[in-house]
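One file, run33.tsv, is given below (TSV, C-alpha atoms).
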chain	number	residue	atom	x	y	z
D	1	MET	CA	-43.98	18.18	-88.82
D	2	GLU	CA	-43.13	16.33	-92.04
D	3	VAL	CA	-46.20	15.60	-94.18
D	4	ALA	CA	-46.54	13.42	-97.28
D	5	ALA	CA	-49.47	14.56	-99.43
D	6	LEU	CA	-50.93	11.84	-101.66
D	7	THR	CA	-52.17	13.62	-104.75
D	8	SER	CA	-54.29	12.11	-107.50
D	9	GLY	CA	-54.79	15.12	-109.73
D	10	GLY	CA	-58.38	15.63	-108.66
D	11	VAL	CA	-59.79	18.73	-107.00
D	12	ASP	CA	-60.04	17.12	-103.56
D	13	SER	CA	-56.38	16.19	-103.16
D	14	SER	CA	-55.37	19.49	-104.78
D	15	VAL	CA	-57.28	21.51	-102.20
D	16	ALA	CA	-55.91	19.25	-99.48
D	17	VAL	CA	-52.40	20.36	-100.52
D	18	HIS	CA	-53.53	23.99	-100.70
D	19	ASN	CA	-55.00	23.82	-97.19
D	20	LEU	CA	-51.85	22.24	-95.77
D	21	VAL	CA	-49.80	25.09	-97.18
D	22	GLU	CA	-52.29	27.60	-95.74
D	23	MET	CA	-51.77	25.95	-92.35
D	24	GLY	CA	-48.03	26.52	-92.63
D	25	TYR	CA	-46.86	23.07	-93.74
D	26	LYS	CA	-44.51	22.27	-96.62
D	27	PRO	CA	-45.76	18.82	-97.64
D	28	VAL	CA	-43.94	16.60	-100.10
D	29	ILE	CA	-46.32	15.70	-102.93
D	30	PHE	CA	-46.49	12.05	-103.91
D	31	TYR	CA	-48.17	10.80	-107.04
D	32	ILE	CA	-48.62	7.01	-106.92
D	33	LYS	CA	-48.75	5.10	-110.21
D	34	ILE	CA	-51.04	2.09	-109.86
D	35	GLY	CA	-52.93	1.90	-113.17
D	36	MET	CA	-52.97	-1.26	-115.27
D	37	GLU	CA	-51.05	-1.38	-118.52
D	38	ASP	CA	-52.54	-2.37	-121.86
D	39	GLU	CA	-50.90	-4.69	-124.41
D	40	ASP	CA	-48.67	-1.84	-125.60
D	41	GLY	CA	-47.48	-1.02	-122.09
D	42	ASN	CA	-49.52	2.17	-121.78
D	43	VAL	CA	-50.99	2.88	-118.36
D	44	GLN	CA	-54.76	2.81	-118.57
D	45	CYS	CA	-55.62	5.99	-116.68
D	46	THR	CA	-55.38	9.77	-116.91
D	47	ILE	CA	-51.80	9.80	-115.71
D	48	GLY	CA	-50.77	12.63	-118.05
D	49	ASP	CA	-53.36	15.06	-116.72
D	50	ASP	CA	-52.82	13.85	-113.15
D	51	LEU	CA	-49.08	14.44	-113.28
D	52	TYR	CA	-49.56	17.88	-114.83
D	53	ILE	CA	-51.80	18.93	-111.94
D	54	ALA	CA	-49.50	17.43	-109.32
D	55	SER	CA	-46.53	19.21	-110.91
D	56	PHE	CA	-48.52	22.46	-111.06
D	57	LEU	CA	-49.18	22.24	-107.32
D	58	ALA	CA	-45.52	21.59	-106.57
D	59	LYS	CA	-44.41	24.57	-108.63
D	60	LYS	CA	-47.15	26.91	-107.36
D	61	TYR	CA	-46.40	26.27	-103.71
D	62	GLY	CA	-42.68	25.55	-103.97
D	63	LEU	CA	-42.98	21.94	-102.85
D	64	LYS	CA	-41.00	18.81	-103.55
D	65	MET	CA	-42.72	16.16	-105.64
D	66	GLU	CA	-42.06	12.47	-106.18
D	67	THR	CA	-43.69	10.07	-108.61
D	68	VAL	CA	-43.58	6.53	-107.26
D	69	SER	CA	-44.82	3.24	-108.66
D	70	LEU	CA	-46.76	0.62	-106.76
D	71	GLN	CA	-48.12	-1.14	-109.83
D	72	ASN	CA	-46.71	-4.56	-108.92
D	73	GLU	CA	-47.93	-4.26	-105.34
D	74	TYR	CA	-51.32	-3.11	-106.57
D	75	TRP	CA	-51.63	-6.16	-108.77
D	76	GLU	CA	-50.61	-8.51	-105.97
D	77	ASN	CA	-52.84	-6.97	-103.31
D	78	VAL	CA	-55.83	-5.45	-105.09
D	79	VAL	CA	-56.26	-6.68	-108.66
D	80	SER	CA	-55.67	-10.34	-107.82
D	81	TYR	CA	-58.03	-10.01	-104.83
D	82	THR	CA	-60.68	-8.60	-107.15
D	83	ILE	CA	-60.31	-11.40	-109.70
D	84	GLU	CA	-60.34	-14.16	-107.08
D	85	SER	CA	-63.36	-12.69	-105.30
D	86	VAL	CA	-65.36	-12.42	-108.52
D	87	LYS	CA	-64.36	-15.97	-109.46
D	88	ARG	CA	-65.80	-17.18	-106.13
D	89	GLY	CA	-69.07	-15.40	-106.84
D	90	LEU	CA	-68.39	-12.61	-104.35
D	91	THR	CA	-68.71	-8.85	-104.67
D	92	PRO	CA	-65.25	-7.36	-103.99
D	93	ASN	CA	-64.40	-3.82	-102.97
D	94	PRO	CA	-61.03	-2.93	-104.56
D	95	ASP	CA	-61.21	0.70	-103.37
D	96	MET	CA	-61.21	-0.40	-99.73
D	97	MET	CA	-58.32	-2.77	-100.38
D	98	CYS	CA	-56.40	0.01	-102.14
D	99	ASN	CA	-56.64	2.23	-99.07
D	100	LYS	CA	-55.73	-0.57	-96.68
D	101	MET	CA	-52.99	-2.31	-98.67
D	102	ILE	CA	-51.57	0.33	-101.03
D	103	LYS	CA	-52.06	3.99	-100.04
D	104	PHE	CA	-51.61	3.38	-96.34
D	105	GLY	CA	-49.90	0.00	-96.52
D	106	CYS	CA	-47.20	-0.41	-99.15
D	107	PHE	CA	-46.70	3.36	-99.45
D	108	GLU	CA	-46.12	3.60	-95.70
D	109	ASP	CA	-43.65	0.71	-95.77
D	110	LYS	CA	-41.59	2.19	-98.62
D	111	TRP	CA	-41.83	5.97	-98.19
D	112	GLY	CA	-44.25	6.94	-95.44
D	113	LYS	CA	-41.93	6.03	-92.58
D	114	ASP	CA	-39.96	9.20	-93.23
D	115	PHE	CA	-43.03	11.35	-92.49
D	116	ASP	CA	-44.98	12.22	-89.38
D	117	ARG	CA	-48.30	12.41	-91.21
D	118	ILE	CA	-49.86	11.30	-94.51
D	119	SER	CA	-52.44	13.60	-96.08
D	120	THR	CA	-55.22	12.60	-98.48
D	121	GLY	CA	-58.20	14.25	-100.13
D	122	HIS	CA	-60.73	11.92	-98.52
D	123	TYR	CA	-63.93	13.35	-97.12
D	124	ALA	CA	-63.40	12.18	-93.54
D	125	THR	CA	-62.34	13.57	-90.20
D	126	THR	CA	-60.76	12.30	-86.99
D	127	THR	CA	-61.84	12.65	-83.38
D	128	GLU	CA	-59.61	12.26	-80.34
D	129	ILE	CA	-61.13	10.53	-77.31
D	130	ASP	CA	-59.06	9.86	-74.20
D	131	GLY	CA	-55.85	10.30	-76.18
D	132	LYS	CA	-56.84	7.90	-78.95
D	133	VAL	CA	-57.71	8.80	-82.53
D	134	PHE	CA	-61.01	7.67	-84.04
D	135	LEU	CA	-62.15	7.88	-87.65
D	136	SER	CA	-65.25	10.06	-87.92
D	137	THR	CA	-67.56	11.26	-90.64
D	138	ALA	CA	-67.10	14.31	-92.85
D	139	LYS	CA	-69.10	17.53	-92.80
D	140	ASP	CA	-70.41	16.71	-96.28
D	141	LYS	CA	-72.61	13.68	-95.61
D	142	VAL	CA	-73.20	13.11	-99.32
D	143	LYS	CA	-69.48	12.94	-100.11
D	144	ASP	CA	-68.44	11.21	-96.87
D	145	GLN	CA	-65.84	8.53	-97.74
D	146	THR	CA	-65.39	6.81	-94.40
D	147	TYR	CA	-66.94	3.67	-95.87
D	148	PHE	CA	-63.87	3.27	-98.10
D	149	LEU	CA	-61.63	3.66	-95.03
D	150	GLY	CA	-63.44	1.04	-92.98
D	151	GLN	CA	-60.69	-1.56	-93.36
D	152	ILE	CA	-57.70	0.50	-92.24
D	153	ASN	CA	-56.06	-0.16	-88.88
D	154	TYR	CA	-55.18	2.11	-85.98
D	155	MET	CA	-51.52	2.55	-86.91
D	156	GLN	CA	-52.58	3.76	-90.35
D	157	LEU	CA	-55.32	6.03	-89.01
D	158	SER	CA	-53.05	7.62	-86.39
D	159	LYS	CA	-50.83	9.07	-89.17
D	160	LEU	CA	-53.60	10.28	-91.45
D	161	VAL	CA	-54.61	13.90	-92.04
D	162	PHE	CA	-57.81	14.87	-93.86
D	163	PRO	CA	-57.45	18.59	-94.75
D	164	ILE	CA	-60.86	18.84	-96.49
D	165	GLY	CA	-62.98	16.70	-94.18
D	166	HIS	CA	-64.48	19.80	-92.56
D	167	LEU	CA	-65.63	21.20	-95.91
D	168	LEU	CA	-68.56	20.69	-98.26
D	169	LYS	CA	-67.74	19.68	-101.83
D	170	SER	CA	-69.04	23.06	-103.03
D	171	GLU	CA	-66.61	24.80	-100.65
D	172	VAL	CA	-63.74	22.69	-101.99
D	173	ARG	CA	-64.61	23.77	-105.53
D	174	GLU	CA	-64.75	27.41	-104.42
D	175	ILE	CA	-61.33	27.22	-102.78
D	176	ALA	CA	-59.85	25.59	-105.88
D	177	ALA	CA	-61.33	28.28	-108.11
D	178	ALA	CA	-60.12	31.10	-105.86
D	179	ALA	CA	-56.62	29.58	-105.82
D	180	GLN	CA	-56.75	29.15	-109.61
D	181	LEU	CA	-56.02	25.43	-109.43
D	182	PRO	CA	-56.39	23.60	-112.76
D	183	SER	CA	-58.47	20.89	-111.09
D	184	ALA	CA	-61.15	23.37	-109.96
D	185	THR	CA	-63.63	22.29	-112.64
D	186	ARG	CA	-62.31	18.79	-113.23
D	187	LYS	CA	-64.95	16.09	-112.97
D	188	ASP	CA	-64.74	13.57	-110.15
D	189	SER	CA	-63.35	10.19	-111.16
D	190	GLN	CA	-65.85	7.37	-111.47
D	191	GLY	CA	-65.49	3.60	-111.36
D	192	ILE	CA	-62.65	1.41	-110.18
D	193	CYS	CA	-59.34	3.25	-110.08
D	194	PHE	CA	-57.04	0.66	-111.66
D	195	LEU	CA	-59.24	0.05	-114.70
D	196	GLY	CA	-58.83	3.50	-116.19
D	197	LYS	CA	-60.53	3.39	-119.59
D	198	ILE	CA	-60.93	-0.40	-119.55
D	199	HIS	CA	-64.55	-1.52	-119.22
D	200	TYR	CA	-65.14	-3.68	-116.13
D	201	ASN	CA	-66.66	-6.58	-118.09
D	202	ASP	CA	-63.75	-6.53	-120.55
D	203	PHE	CA	-61.36	-6.74	-117.60
D	204	ILE	CA	-63.25	-9.69	-116.10
D	205	LYS	CA	-63.48	-11.42	-119.49
D	206	ARG	CA	-59.72	-11.10	-119.96
D	207	TYR	CA	-59.02	-13.15	-116.83
D	208	LEU	CA	-62.09	-15.36	-116.37
D	209	GLY	CA	-63.28	-15.80	-119.95
D	210	VAL	CA	-66.83	-16.64	-121.05
D	211	LYS	CA	-69.00	-19.54	-119.90
D	212	LYS	CA	-72.63	-19.64	-121.00
D	213	GLY	CA	-75.22	-20.24	-118.30
D	214	LYS	CA	-78.93	-19.89	-117.58
D	215	ILE	CA	-80.80	-16.91	-116.21
D	216	ILE	CA	-83.73	-18.27	-114.20
D	217	ASP	CA	-86.79	-16.56	-112.72
D	218	PHE	CA	-86.30	-16.90	-108.97
D	219	GLU	CA	-90.03	-17.10	-108.28
D	220	THR	CA	-91.20	-19.44	-111.06
D	221	GLY	CA	-88.09	-21.39	-112.03
D	222	LYS	CA	-88.67	-20.45	-115.69
D	223	ILE	CA	-85.60	-20.06	-117.91
D	224	LEU	CA	-85.49	-16.42	-118.96
D	225	GLY	CA	-82.36	-16.28	-121.04
D	226	GLU	CA	-78.63	-16.83	-121.11
D	227	HIS	CA	-75.59	-15.13	-119.60
D	228	ASN	CA	-71.85	-15.30	-120.31
D	229	GLY	CA	-70.74	-16.27	-116.81
D	230	TYR	CA	-71.98	-15.57	-113.29
D	231	TRP	CA	-68.85	-13.49	-112.70
D	232	PHE	CA	-70.24	-10.74	-114.90
D	233	HIS	CA	-73.18	-10.21	-112.51
D	234	THR	CA	-73.59	-8.94	-108.96
D	235	ILE	CA	-76.40	-9.18	-106.43
D	236	GLY	CA	-78.77	-6.23	-106.83
D	237	GLN	CA	-77.73	-5.62	-110.45
D	238	ARG	CA	-80.48	-4.26	-112.66
D	239	LYS	CA	-78.86	-3.37	-115.97
D	240	GLY	CA	-77.03	-5.68	-118.34
D	241	LEU	CA	-79.16	-8.82	-118.16
D	242	GLY	CA	-80.64	-8.33	-121.62
D	243	LEU	CA	-84.12	-9.45	-120.57
D	244	SER	CA	-87.41	-8.00	-121.76
D	245	GLY	CA	-90.49	-7.31	-119.65
D	246	GLY	CA	-88.49	-5.99	-116.73
D	247	PRO	CA	-87.03	-4.44	-114.75
D	248	TRP	CA	-85.15	-7.54	-113.62
D	249	PHE	CA	-82.84	-7.70	-110.62
D	250	VAL	CA	-80.14	-10.26	-109.89
D	251	VAL	CA	-81.10	-11.77	-106.52
D	252	LYS	CA	-79.00	-14.94	-106.31
D	253	LYS	CA	-76.13	-16.78	-108.01
D	254	ASP	CA	-75.33	-20.50	-108.08
D	255	VAL	CA	-71.57	-20.61	-108.59
D	256	ASP	CA	-71.34	-24.40	-108.94
D	257	GLU	CA	-74.06	-24.57	-111.61
D	258	ASN	CA	-73.26	-21.19	-113.21
D	259	VAL	CA	-76.86	-20.01	-112.80
D	260	VAL	CA	-78.03	-16.44	-112.27
D	261	TYR	CA	-81.42	-15.96	-110.62
D	262	ALA	CA	-83.47	-12.83	-111.25
D	263	SER	CA	-86.69	-11.31	-109.92
D	264	CYS	CA	-89.02	-9.04	-111.88
D	265	GLY	CA	-90.60	-5.77	-110.81
D	266	TYR	CA	-89.66	-2.28	-109.77
D	267	ASP	CA	-89.41	-3.26	-106.11
D	268	PRO	CA	-89.28	-7.05	-105.69
D	269	GLN	CA	-89.02	-8.24	-102.10
D	270	THR	CA	-86.34	-10.73	-103.08
D	271	GLN	CA	-83.78	-7.97	-103.57
D	272	TYR	CA	-84.09	-6.98	-99.91
D	273	GLY	CA	-83.05	-8.41	-96.57
D	274	ASN	CA	-83.05	-7.41	-92.91
D	275	VAL	CA	-80.00	-9.27	-91.61
D	276	VAL	CA	-76.32	-8.75	-92.42
D	277	ASN	CA	-73.74	-11.18	-91.05
D	278	LEU	CA	-70.14	-9.97	-90.85
D	279	ALA	CA	-67.08	-12.21	-90.59
D	280	GLY	CA	-63.62	-11.06	-89.48
D	281	PHE	CA	-64.96	-7.90	-87.91
D	282	GLN	CA	-62.20	-5.52	-86.83
D	283	TYR	CA	-62.38	-2.27	-84.90
D	284	ILE	CA	-60.25	0.49	-86.40
D	285	THR	CA	-59.26	1.92	-83.01
D	286	GLU	CA	-61.04	-0.05	-80.31
D	287	ASN	CA	-64.42	-1.23	-79.07
D	288	ILE	CA	-65.82	1.81	-77.25
D	289	TRP	CA	-68.83	-0.10	-75.95
D	290	GLY	CA	-67.15	-2.87	-73.96
D	291	ASP	CA	-69.11	-6.12	-73.67
D	292	PHE	CA	-72.57	-5.84	-75.18
D	293	ASN	CA	-75.41	-8.11	-76.25
D	294	ARG	CA	-77.25	-5.73	-78.55
D	295	ARG	CA	-76.21	-2.24	-79.54
D	296	GLU	CA	-77.99	0.39	-81.64
D	297	ILE	CA	-75.79	1.51	-84.53
D	298	THR	CA	-75.89	2.92	-88.02
D	299	PHE	CA	-74.15	1.12	-90.86
D	300	LYS	CA	-73.46	0.96	-94.59
D	301	ILE	CA	-72.94	-1.99	-96.92
D	302	ARG	CA	-71.79	0.19	-99.80
D	303	HIS	CA	-70.70	3.77	-100.43
D	304	THR	CA	-73.93	5.78	-100.31
D	305	PRO	CA	-74.96	9.02	-98.56
D	306	ASP	CA	-77.46	7.09	-96.43
D	307	PHE	CA	-76.76	5.53	-93.06
D	308	ILE	CA	-79.05	2.62	-92.15
D	309	LYS	CA	-80.24	2.13	-88.58
D	310	GLY	CA	-79.72	-1.28	-87.06
D	311	VAL	CA	-78.87	-3.33	-84.01
D	312	LEU	CA	-75.48	-5.01	-83.68
D	313	SER	CA	-75.02	-8.28	-81.80
D	314	LYS	CA	-72.33	-10.95	-81.55
D	315	ILE	CA	-72.93	-14.63	-82.25
D	316	GLY	CA	-69.66	-16.43	-81.68
D	317	ASP	CA	-67.15	-14.91	-84.09
D	318	ILE	CA	-69.90	-13.38	-86.23
D	319	TYR	CA	-71.15	-9.82	-85.87
D	320	ARG	CA	-74.80	-9.67	-86.88
D	321	ILE	CA	-76.67	-6.53	-87.90
D	322	GLU	CA	-80.46	-6.60	-87.83
D	323	SER	CA	-82.49	-3.72	-89.21
D	324	GLU	CA	-86.16	-2.84	-89.44
D	325	GLU	CA	-85.32	-1.05	-92.68
D	326	LYS	CA	-85.20	-3.04	-95.90
D	327	ILE	CA	-81.59	-3.46	-97.04
D	328	GLN	CA	-81.16	-3.66	-100.80
D	329	GLY	CA	-78.60	-5.90	-102.51
D	330	ILE	CA	-76.87	-7.66	-99.60
D	331	ALA	CA	-73.97	-9.45	-101.32
D	332	SER	CA	-71.31	-11.73	-99.92
D	333	GLY	CA	-67.86	-10.24	-100.25
D	334	GLN	CA	-68.99	-6.68	-99.67
D	335	PHE	CA	-68.04	-4.99	-96.43
D	336	GLY	CA	-70.41	-3.83	-93.75
D	337	VAL	CA	-69.07	-0.73	-92.00
D	338	VAL	CA	-70.37	0.09	-88.53
D	339	TYR	CA	-70.83	3.59	-87.10
D	340	ASP	CA	-71.59	4.87	-83.63
D	341	THR	CA	-74.97	6.56	-83.79
D	342	GLU	CA	-74.31	9.24	-81.19
D	343	MET	CA	-70.82	10.48	-82.10
D	344	GLY	CA	-70.62	9.78	-85.83
D	345	LEU	CA	-67.58	7.57	-85.43
D	346	CYS	CA	-66.65	4.99	-88.05
D	347	LEU	CA	-65.72	2.12	-85.76
D	348	GLY	CA	-64.87	-0.86	-87.93
D	349	SER	CA	-65.98	-3.35	-90.53
D	350	GLY	CA	-66.35	-6.98	-91.48
D	351	GLU	CA	-66.92	-8.95	-94.66
D	352	ILE	CA	-70.49	-9.89	-95.48
D	353	ILE	CA	-71.09	-13.66	-95.57

As a first step, turn the structure in this file into structure tokens.
Amino acid sequence: MEVAALTSGGVDSSVAVHNLVEMGYKPVIFYIKIGMEDEDGNVQCTIGDDLYIASFLAKKYGLKMETVSLQNEYWENVVSYTIESVKRGLTPNPDMMCNKMIKFGCFEDKWGKDFDRISTGHYATTTEIDGKVFLSTAKDKVKDQTYFLGQINYMQLSKLVFPIGHLLKSEVREIAAAAQLPSATRKDSQGICFLGKIHYNDFIKRYLGVKKGKIIDFETGKILGEHNGYWFHTIGQRKGLGLSGGPWFVVKKDVDENVVYASCGYDPQTQYGNVVNLAGFQYITENIWGDFNRREITFKIRHTPDFIKGVLSKIGDIYRIESEEKIQGIASGQFGVVYDTEMGLCLGSGEII
């Protein structure tokens, strides 16, 4: 079986390659360049260190390695999506779009067709039911990354291999150390992949500029201060408002009037909700429940270790999740990812409206 191993330079993808070799495979290592370039044409990421580690793996295990660029495709499919979403007052998820459109989309179209399987270092697993593959959660519930895979389709999933999904993060580190991999003690990457060392607000400012607007107390209507544009703020945000007497949370945005509304307190009710409406819901593999009116599920609206209990129903084309638990920071543009409570399957997702 021919396997393409997508390698980022981190410990997870490194151990994924190691495990594939231990299983008897000879994967071809692919390092995908997607980082943005600065004004001098330098890629804004840790590409030097990443390539060193990828090259180390290839040499250590006697594997072929290719460095490929999808920078233009990344801009067209992920960066532009991010900018447009923010401009509309939404909360985008570029990591989910990267998986759907780039790693398992454009890569598959250009290079992946020559391989039977594509391997990644995601913390996820697969489960086969009646001959069909389903995405399922990882052993490490804290590191589980199925949320970021909630937008992929069945054709993509059916080719994926997750060689570390059955391991805890601590076990991955131990394997890397025992194999003397240079990524064994490397810190996990944080933030949005394509930004590299660019600060998120600087990135947004570059493309959307600055436009002064009011920050208003949601409860009293009192003007609290000024902001530089609603696009710098997200629902549920606590830091970065520059207000005294807090904590203050962003609870609403008026895009037309360029107003940001905030509520004060350590646990204001206005930052919570109990209903999540999802548009464009798609099952990754298929609907395992058949026709249903109300179905008990667990779900996530962001990448966290916690699964929230809820009830899923359909209202026309909208999938509605209702929960007795308080849901913090429900923001349009995010994705709600639905899981089967009994089997731990990641079934599909839709965009929050």

Closest atom pairs, residues of region 131-199 of chain D within 10 Å of region 20-27 of chain D, all atoms listed in the file, as a Markdown table:
| residue | atom | partner | partner_atom | distance |
| --- | --- | --- | --- | --- |
| D:Val161 | CA | D:Leu20 | CA | 9.5 |
| D:Phe162 | CA | D:Leu20 | CA | 9.7 |
| D:Pro163 | CA | D:Leu20 | CA | 6.8 |
| D:Ile164 | CA | D:Leu20 | CA | 9.7 |

Selection: 8 Å around region 253-269 of chain D, all atoms listed in the file, excl. self and same-chain fewer than 3 positions, as number ranges by chain: D: 88-89, 212-219, 227, 229-230, 233, 235, 246-250, 272

Residues just named, written with C-alpha atoms as a PDB file, in the coordinates of the input:
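See selection-v6.pdb below for the written result:
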ATOM      1  CA  ARG D  88     -65.800 -17.180-106.130  1.00  0.00           C
ATOM      2  CA  GLY D  89     -69.070 -15.400-106.840  1.00  0.00           C
ATOM      3  CA  LYS D 212     -72.630 -19.640-121.000  1.00  0.00           C
ATOM      4  CA  GLY D 213     -75.220 -20.240-118.300  1.00  0.00           C
ATOM      5  CA  LYS D 214     -78.930 -19.890-117.580  1.00  0.00           C
ATOM      6  CA  ILE D 215     -80.800 -16.910-116.210  1.00  0.00           C
ATOM      7  CA  ILE D 216     -83.730 -18.270-114.200  1.00  0.00           C
ATOM      8  CA  ASP D 217     -86.790 -16.560-112.720  1.00  0.00           C
ATOM      9  CA  PHE D 218     -86.300 -16.900-108.970  1.00  0.00           C
ATOM     10  CA  GLU D 219     -90.030 -17.100-108.280  1.00  0.00           C
ATOM     11  CA  HIS D 227     -75.590 -15.130-119.600  1.00  0.00           C
ATOM     12  CA  GLY D 229     -70.740 -16.270-116.810  1.00  0.00           C
ATOM     13  CA  TYR D 230     -71.980 -15.570-113.290  1.00  0.00           C
ATOM     14  CA  HIS D 233     -73.180 -10.210-112.510  1.00  0.00           C
ATOM     15  CA  ILE D 235     -76.400  -9.180-106.430  1.00  0.00           C
ATOM     16  CA  GLY D 246     -88.490  -5.990-116.730  1.00  0.00           C
ATOM     17  CA  PRO D 247     -87.030  -4.440-114.750  1.00  0.00           C
ATOM     18  CA  TRP D 248     -85.150  -7.540-113.620  1.00  0.00           C
ATOM     19  CA  PHE D 249     -82.840  -7.700-110.620  1.00  0.00           C
ATOM     20  CA  VAL D 250     -80.140 -10.260-109.890  1.00  0.00           C
ATOM     21  CA  TYR D 272     -84.090  -6.980 -99.910  1.00  0.00           C
TER      22      TYR D 272
END

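Take CA of Ser119 (chain D) and CA of Asn153 (chain D): the distance between them is 15.9 Å.
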
Nearby residues, (-65.0, -7.9, -88.1) file frame, 6 Å, only C-alpha atoms, as a list in words: Ala279, Gly280, Phe281, Gln282, Ser349 and Gly350 of chain D

Distance in Å - CA of Ile308 (chain D) versus CA of Val251 (chain D): 20.4 Å

Got a sec: who's within 9 Å of Val337 (chain D), counting only C-alpha atoms, leaving out chain neighbours fewer than 4 positions off, as a JSON list (two decimals) with C-alpha atoms, in the coordinates of the input?
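Saved result, around09.json, follows:
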[["chain", "number", "residue", "atom", "x", "y", "z"],
["D", 146, "THR", "CA", -65.39, 6.81, -94.40],
["D", 147, "TYR", "CA", -66.94, 3.67, -95.87],
["D", 148, "PHE", "CA", -63.87, 3.27, -98.10],
["D", 150, "GLY", "CA", -63.44, 1.04, -92.98],
["D", 151, "GLN", "CA", -60.69, -1.56, -93.36],
["D", 298, "THR", "CA", -75.89, 2.92, -88.02],
["D", 299, "PHE", "CA", -74.15, 1.12, -90.86],
["D", 300, "LYS", "CA", -73.46, 0.96, -94.59],
["D", 301, "ILE", "CA", -72.94, -1.99, -96.92],
["D", 302, "ARG", "CA", -71.79, 0.19, -99.80],
["D", 346, "CYS", "CA", -66.65, 4.99, -88.05],
["D", 347, "LEU", "CA", -65.72, 2.12, -85.76],
["D", 348, "GLY", "CA", -64.87, -0.86, -87.93],
["D", 349, "SER", "CA", -65.98, -3.35, -90.53],
["D", 350, "GLY", "CA", -66.35, -6.98, -91.48],
["D", 351, "GLU", "CA", -66.92, -8.95, -94.66]]
